[in-house]
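S.K.: There's a structure below that I have some questions on.
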Amino acid sequence: MSKTAVDSTTTLASEPKGRTGAARILLGRDAVMIYLLAAFLVFAAVSIPRFASPLTAGFLLLDVIPVLLIAMPMTLIIITGEIDLSVASIAGLTSACMGVLWAGGMDIGLVLLLSLLVGTAAGVFNGFLIAVVGLPSLAVTIGTLALFRGLALVVIGDNAVANFPAQLTSFFTSKLGATGIPTVMVGVVAVVLFFGILLHFTPFGRGLYAMGFSQEAATFVGIDVARSKFWLYVASGLVSAMAGIFWTLRYSSARSDNASGLELAVIAAVLLGGVSIFGGKGSVPGVIAGVLLIGTLNYALRLGRVSDVVLITVTGLLLIVSVVAPSMGAAIRQWRHTRRVRRNFNHSASPVASA
Amino acid sequence: MQTDPDLQGQPPVALSLAHAAKTFGPVVALADGTIEIREGEIHALMGENGAGKSTLVKILAGLHQPDSGDFRIAGEPVSFRNVAESKAAGVSVIYQEPTLFPDLTVAENIFVGRQPKGRLGLISQGEMRRQAAALFGQLGVAIDPGRVAEGLSIADQQIIEIAKAISLDAKVLIMDEPTAALSGVEVDRLFAVARGLRDQGTGIMFISHRFEEVFALCDRITVMRDGKYVSTHVTEDVSVDRIVREMVGRDIAELFPKEAAEIGAPVLSVRGLSRAGVFRDINLEVRAGEIVALAGLVGAGRTEVARAVFGIDPYDSGEVLFGGKPLKGGSPQAAIAAGMGFVPEDRRKQGLVMDLSVARNVTLTLRKRFARAGLINGRAELRAAEEWSRRLQVKAGSPEHAVSTLSGGNQQKVVLAKWLATEPRFLIIDEPTRGIDVGTKSEVHRLISDLAGRGIAILMISSELPEVLGMADRVLVMREGRISAELSREEASPESVMHAATVAAATN
């Protein structure tokens, strides 16, 4: 019976895809997220005092940078139908290594380079187990989530290293002139553009969507599924290391529990941005909107002096609504259709019965 | 119920559906679904893909609810909300590929959810196996109820589904293309089971594209076209030509047009290719402009050879030469780069990415060609997709529609378009017309013949004998992982191919 159930859902799922051209772009889930973000920004600017100021842009962006960074490779990974839960632990491990190396008296340039290498190596490890050995990514990255966090603790223990060069830490909190936009956003935008172009405009990106729907079909058109996955995890490790470095220098503190729990914020934002957890669907603009929406919401609520507990609850609810809403819509349509049909059916059937 | 159903004497009607309609949004899937199945008859439902057969079956199975129409079981009006309700009313559907639980035993699969209980309310394994064995006895087949379902052939799995249906006291059994994946012997056994059930009074609805089977097995034939009921005939009083005409609404002059093509130099040579336990010592050659058919029973290793040649699966020894040069094994990328294409047997899983649009599917093989400085030129991509869809006359609402919304025949054209767009020198086509309706079938055949005419070398795997005999310049027959015969077009006949496919060669 499972086969027939799948059949009926695929017909349902393929119906809305009958839309073409402008309608598809303007009514897609990622577009809806962008409208929602715009609407919320307007609402917040009007109703929350002090929201519409350059300060807002600055703090808000500084807050969302780690999530935005990691969300990029995560988007690509989820579109291929996989997941990476170890990203926050990689960021933590990077931070710990940075602290120890810097405290050991190494040149800061070399420290940054080695830290990036540590993150990349962690990504290679994930990629090897998932793409080469062929283990399920959920299991592997749950394992490395614990493993890398544990290693971070081994590396730096309970200590915190704080005395990073003032020049560097102030650079990481500096703003572009009077706009209030953090200087590091330039680099972040570069990363976002890189992944956006990679996903939407390259042969590699096309392959990722195909893999997300059917790895078998992807193999038949000559897509190297294992190699694509491997490089995605390496990229994820590298970008997580960048986020770890940013985190460390922004707060000027290298600790083993830095960025702890960030993976859930990232995945929540990616899914909120319209990426399907089953793979095959999603876009970078949608994810950017998802990240900014969660960030803005958190910031606005905090400005409104709402407690952290509420923030977490709201984020969770938003995520559930965003995932449930499309299927709810479909379910309601189906229910109404069925009811109408049964009524018609009984009408048309009963006269025959009496005849 | 010993005698054949006397259709004049009108045995009671087990199930009837009259003028059922079903629409999905703007799409009319079924305009007039009408069928009547009597007790103790085998009733064929025929029609092209897109004729509405599947929708009709889904209505009978309780998966879809019709928008209007009259549906009766044993004379009583019914409307099913779900599959459980239709099962309870005695309607069971056997699908082409049954979905058993692989880790459960055969008996557990039959009685899943309603296992016979013994003392303390625990499942009684012994009782369950006894009942399963009794069912198999009734069907006249020998399957061990105690073995696990994993590793059973599709044919055996279907028999188990049938046993399950009978244990549920099915009055009407619907078989949806049950023979598509079966070999000749297995088909015969399935037919014996079906005839046995008919003689016990079960009404059977049989869906198939194969005329030989329908005419050999069925008592009556109902034809559908474009979602509408066309006619019902007693099989004895009707000819294949008549049914074909009614199905397509026009005469088909020729089912298998293979035109003579100039045979050129060898494009693909396979030498001594072996893979332990799968195939052994395969030697074959395909020349430009030539269609070589790889015939044999399902499971003879034909697809496995093709997959190894294309690089999807590895091979242990031997070599593949393409255009005289050795081809790297285990790499579809290398095969595609060299000029190879592969139209796989399973369109839905391997040939297409069903949820992607027609355009994306067509250009999936061309990803790299449209990239300038690493970036894809979207406009050129869409143009190429439209161009190839037009050349192959793909009927789609828009190139941006998901390919899953197309009919089987049009999906196959998209798969062909996707490979033709790469301008290949060699194409492997595995079951080119599986599950494709008669009208499109001859279109696909004409297309393949046309490709050969333009100098493309083609290796065609097919389980349909008329297709093999009609299309191939040469026929290679495989049996149990080896090539058992090579037949020229003149030598190839239904008898010679079937002989090589089934009978162990005494010498060599």
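Just so we're on the same page: first chain in the structure tokens is A, next is B, and so on; residues restart at 1 for each chain, and ligands are numbered from 1 in the order they show up.
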Please report, as CSV, each residue of chain B lying at most 6 Å from chain A, together with the nearest pair of atoms and the separation in Å rounded to one decimal; use only C-alpha atoms, and order rows by chain and ascending residue number.

M.R.:
```
residue,atom,partner,partner_atom,distance
B:Asp67,CA,A:Val341,CA,5.0
B:Ser68,CA,A:Phe345,CA,5.1
B:Asp70,CA,A:Ala349,CA,5.3
B:Pro332,CA,A:Gly222,CA,5.0
B:Gln333,CA,A:Gly222,CA,4.7
B:Gln350,CA,A:Ala217,CA,4.0
B:Gly351,CA,A:Ala217,CA,5.6
B:Leu352,CA,A:Ala217,CA,5.9
B:Thr365,CA,A:Val221,CA,5.5
B:Arg367,CA,A:Pro203,CA,4.8
B:Lys368,CA,A:Pro203,CA,5.6
B:Gly374,CA,A:Thr202,CA,5.9
B:Leu375,CA,A:Thr202,CA,4.8
B:Ile376,CA,A:Phe201,CA,5.1
B:Glu400,CA,A:Thr20,CA,6.0
B:His401,CA,A:Gly18,CA,5.2
```

S.K.: Using the selection just defined, write its residues with N, CA and C atoms as a short mmCIF file (atom, residue, chain, number, x, y, z; two decimals), in the first residue's frame.

M.R.:
```
data_model
loop_
_atom_site.label_atom_id
_atom_site.label_comp_id
_atom_site.auth_asym_id
_atom_site.auth_seq_id
_atom_site.Cartn_x
_atom_site.Cartn_y
_atom_site.Cartn_z
N ASP B 67 -15.85 12.24 -9.23
CA ASP B 67 -16.65 13.45 -9.09
C ASP B 67 -18.13 13.14 -9.36
N SER B 68 -18.36 12.15 -10.23
CA SER B 68 -19.74 11.75 -10.48
C SER B 68 -19.71 10.32 -11.02
N ASP B 70 -21.79 6.20 -11.23
CA ASP B 70 -22.51 5.18 -10.48
C ASP B 70 -21.58 4.00 -10.26
N PRO B 332 30.43 6.97 -15.57
CA PRO B 332 29.47 7.46 -16.56
C PRO B 332 29.94 8.77 -17.18
N GLN B 333 30.71 9.57 -16.42
CA GLN B 333 31.21 10.84 -16.95
C GLN B 333 32.07 10.58 -18.18
N GLN B 350 15.22 6.29 -12.90
CA GLN B 350 16.56 6.45 -13.44
C GLN B 350 16.62 7.41 -14.62
N GLY B 351 15.58 7.38 -15.43
CA GLY B 351 15.63 8.14 -16.68
C GLY B 351 15.39 9.62 -16.48
N LEU B 352 14.54 9.95 -15.52
CA LEU B 352 14.13 11.32 -15.35
C LEU B 352 14.17 11.72 -13.88
N THR B 365 21.75 16.72 -19.23
CA THR B 365 22.96 16.12 -19.80
C THR B 365 23.86 17.18 -20.41
N ARG B 367 24.45 20.21 -19.09
CA ARG B 367 24.81 21.24 -18.12
C ARG B 367 26.10 21.96 -18.51
N LYS B 368 27.12 21.15 -18.83
CA LYS B 368 28.44 21.75 -19.04
C LYS B 368 28.51 22.51 -20.35
N GLY B 374 31.98 28.92 -16.72
CA GLY B 374 31.45 28.22 -15.56
C GLY B 374 30.01 28.56 -15.23
N LEU B 375 29.44 29.58 -15.91
CA LEU B 375 28.06 29.95 -15.61
C LEU B 375 27.12 29.49 -16.72
N ILE B 376 25.95 29.03 -16.32
CA ILE B 376 25.00 28.52 -17.30
C ILE B 376 24.25 29.66 -17.96
N GLU B 400 8.14 24.30 -18.68
CA GLU B 400 8.40 24.50 -17.26
C GLU B 400 7.56 23.61 -16.37
N HIS B 401 6.65 22.83 -16.97
CA HIS B 401 5.87 21.88 -16.17
C HIS B 401 6.76 20.73 -15.71
#
```

S.K.: Need to verify the contact set: A:Leu112, 12 Å, only C-alpha atoms, exclusion of same-chain residues closer than 4 positions in sequence. Can you return it as number ranges by chain?

M.R.: A: 94-102, 106-108, 116-119, 164, 168, 238, 241-246, 248-249

S.K.: Please identify all polymer residues within 10 Å of B:Ser86, counting only C-alpha atoms, omitting same-chain residues fewer than 6 positions from it, and present them as a ChimeraX atom specification.

M.R.: /B:59-63,73,78-80,92-93,170

S.K.: Please save C-alpha atoms of the selected residues as an mmCIF file, in the first residue's frame.

M.R.:
```
data_model
loop_
_atom_site.group_PDB
_atom_site.id
_atom_site.type_symbol
_atom_site.label_atom_id
_atom_site.label_comp_id
_atom_site.auth_asym_id
_atom_site.auth_seq_id
_atom_site.Cartn_x
_atom_site.Cartn_y
_atom_site.Cartn_z
ATOM 1 C CA ILE B 59 -11.283 4.817 -8.188
ATOM 2 C CA LEU B 60 -12.067 1.120 -7.876
ATOM 3 C CA ALA B 61 -9.298 0.785 -5.289
ATOM 4 C CA GLY B 62 -10.662 3.661 -3.217
ATOM 5 C CA LEU B 63 -7.599 5.854 -3.765
ATOM 6 C CA ILE B 73 -20.508 -3.819 -5.932
ATOM 7 C CA VAL B 78 -20.933 2.152 -2.934
ATOM 8 C CA SER B 79 -18.474 4.966 -2.450
ATOM 9 C CA PHE B 80 -15.094 4.257 -0.947
ATOM 10 C CA SER B 92 -8.126 -5.978 -4.284
ATOM 11 C CA VAL B 93 -5.511 -4.515 -6.597
ATOM 12 C CA ALA B 170 -11.614 -10.723 -2.638
#
```

S.K.: Find the spatial neighbours of B:Val343, counting only C-alpha atoms, within a cut-off of 12 Å - ignore same-chain residues fewer than 3 positions away - and output them as a PyMOL selection string.

M.R.: (chain A and resi 217+220-221) or (chain B and resi 303+306-307+310+340+346-352+365+411-420+424+426-434+448+458-461)

S.K.: Generate a file of the selected residues that holds C-alpha atoms, formatted as an mmCIF file, in the first residue's frame.

M.R.:
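Written out: again_3.cif:
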```
data_model
loop_
_atom_site.group_PDB
_atom_site.id
_atom_site.type_symbol
_atom_site.label_atom_id
_atom_site.label_comp_id
_atom_site.auth_asym_id
_atom_site.auth_seq_id
_atom_site.Cartn_x
_atom_site.Cartn_y
_atom_site.Cartn_z
ATOM 1 C CA ALA A 217 18.680 9.536 -12.137
ATOM 2 C CA PHE A 220 22.578 8.225 -15.162
ATOM 3 C CA VAL A 221 23.201 11.691 -16.570
ATOM 4 C CA THR B 303 20.651 -4.577 -18.073
ATOM 5 C CA ALA B 306 24.580 -2.299 -20.223
ATOM 6 C CA ARG B 307 25.139 -0.653 -16.850
ATOM 7 C CA PHE B 310 28.106 2.734 -19.381
ATOM 8 C CA MET B 340 27.564 7.472 -25.137
ATOM 9 C CA ASP B 346 13.068 2.607 -15.213
ATOM 10 C CA ARG B 347 11.983 5.982 -16.502
ATOM 11 C CA ARG B 348 10.585 7.210 -13.223
ATOM 12 C CA LYS B 349 13.598 6.408 -11.086
ATOM 13 C CA GLN B 350 16.561 6.446 -13.438
ATOM 14 C CA GLY B 351 15.630 8.144 -16.676
ATOM 15 C CA LEU B 352 14.125 11.324 -15.351
ATOM 16 C CA THR B 365 22.956 16.124 -19.797
ATOM 17 C CA GLN B 411 8.225 11.073 -20.681
ATOM 18 C CA GLN B 412 10.160 8.570 -22.746
ATOM 19 C CA LYS B 413 10.493 11.163 -25.494
ATOM 20 C CA VAL B 414 11.975 13.563 -22.950
ATOM 21 C CA VAL B 415 14.531 10.914 -21.965
ATOM 22 C CA LEU B 416 15.408 10.391 -25.626
ATOM 23 C CA ALA B 417 15.554 14.148 -26.218
ATOM 24 C CA LYS B 418 17.912 14.550 -23.313
ATOM 25 C CA TRP B 419 20.382 12.111 -24.835
ATOM 26 C CA LEU B 420 19.931 13.135 -28.453
ATOM 27 C CA PRO B 424 25.811 10.840 -29.118
ATOM 28 C CA PHE B 426 26.163 5.358 -29.355
ATOM 29 C CA LEU B 427 22.947 4.899 -27.426
ATOM 30 C CA ILE B 428 21.941 2.151 -25.056
ATOM 31 C CA ILE B 429 18.153 1.947 -24.952
ATOM 32 C CA ASP B 430 16.807 -0.342 -22.244
ATOM 33 C CA GLU B 431 13.184 -1.356 -22.811
ATOM 34 C CA PRO B 432 12.398 1.555 -25.152
ATOM 35 C CA THR B 433 8.632 1.160 -25.012
ATOM 36 C CA ARG B 434 7.891 -0.310 -21.588
ATOM 37 C CA ILE B 448 15.032 4.914 -33.026
ATOM 38 C CA ILE B 458 22.239 1.506 -30.945
ATOM 39 C CA LEU B 459 22.182 -1.281 -28.392
ATOM 40 C CA MET B 460 18.564 -2.034 -27.581
ATOM 41 C CA ILE B 461 17.492 -4.203 -24.679
#
```

S.K.: Using only C-alpha atoms, which residues sit within 10 Å of B:Thr179 once same-chain residues fewer than 2 positions away are excluded, as a ChimeraX atom specification?

M.R.: /B:95-97,154-155,158,175-177,181-184,186-188,190-191,206-210,213

S.K.: Can you pull out the residues contacting A:Ala31? Cut-off 9 Å, using only C-alpha atoms, and skip same-chain residues under 6 positions away; I want them as number ranges by chain.

M.R.: A: 25, 273-274, 285-286, 289

S.K.: Could you write those residues out with C-alpha atoms, as a PDB file, in the first residue's frame?

M.R.:
```pdb
ATOM      1  CA  ILE A  25       8.551  32.982  -9.294  1.00  0.00           C
ATOM      2  CA  GLY A 273      13.629  30.134   3.648  1.00  0.00           C
ATOM      3  CA  GLY A 274      11.765  27.569   1.588  1.00  0.00           C
ATOM      4  CA  PRO A 285      17.481  34.399  -1.987  1.00  0.00           C
ATOM      5  CA  GLY A 286      14.789  32.554  -0.036  1.00  0.00           C
ATOM      6  CA  ALA A 289      15.181  36.118   3.631  1.00  0.00           C
TER       7      ALA A 289
END
```

S.K.: Using atom CA of B:Gln115 and atom CA of B:Ser153 as the two end points, give the distance in Å to one decimal.

M.R.: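 Atom CA of B:Ser153 lies at a distance of 24.1 Å from atom CA of B:Gln115.
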
S.K.: Find the residues near B:Leu45: any atom within 9 Å, counting only C-alpha atoms, skip ones fewer than 3 places away on the same chain, and give them as a list of chain:residue names.

M.R.: B:Ile35, B:Lys53, B:Met205, B:Phe206, B:Ile207, B:Ser208, B:Arg220, B:Ile221, B:Thr222, B:Val223, B:Met224

S.K.: For a test of reading the model, state the distance in Å between atom CA of A:Ile277 and atom CA of B:Val353, rounded to one decimal.

M.R.: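 These two atoms are separated by 17.3 Å.
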
S.K.: Restricting the calculation to only C-alpha atoms: of B:Ser389, B:Ser496, B:Thr440, B:Ser274, which residue gets closest to B:Ala308?

M.R.: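 Of the candidates, the smallest distance to B:Ala308 is held by B:Ser274.
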
S.K.: As a list in words, please: every residue in stretch 76-203 of chain B that a backbone DSSP assignment puts in strand (DSSP E).

M.R.: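 Selection result, strand (DSSP E) within stretch 76-203 of chain B: Glu76, Pro77, Val91, Ser92, Val93, Ile94, Val172, Leu173, Ile174, Met175, Asp176 and Gly203 of chain B.
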
S.K.: From the list B:Leu122, B:Ala51, B:Leu17, B:Ile243, which residue is nearest B:Val214 when using only C-alpha atoms?

M.R.: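 Closest residue, counting only C-alpha atoms: B:Ile243.
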
S.K.: How many Å lie between atom CA of A:Leu264 and atom CA of A:Ile332, rounded to one decimal?

M.R.: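 Distance between the two atoms: 29.7 Å.
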
S.K.: Report as a PyMOL selection string: the residues of stretch 17-263 of chain A with a DSSP assignment of helix (DSSP H, G or I), based on the backbone of this structure.

M.R.: chain A and resi 17-18+21-27+29-47+54-79+87-103+108-132+137-156+166-173+185-201+203-213+215-220+225-251+262-263
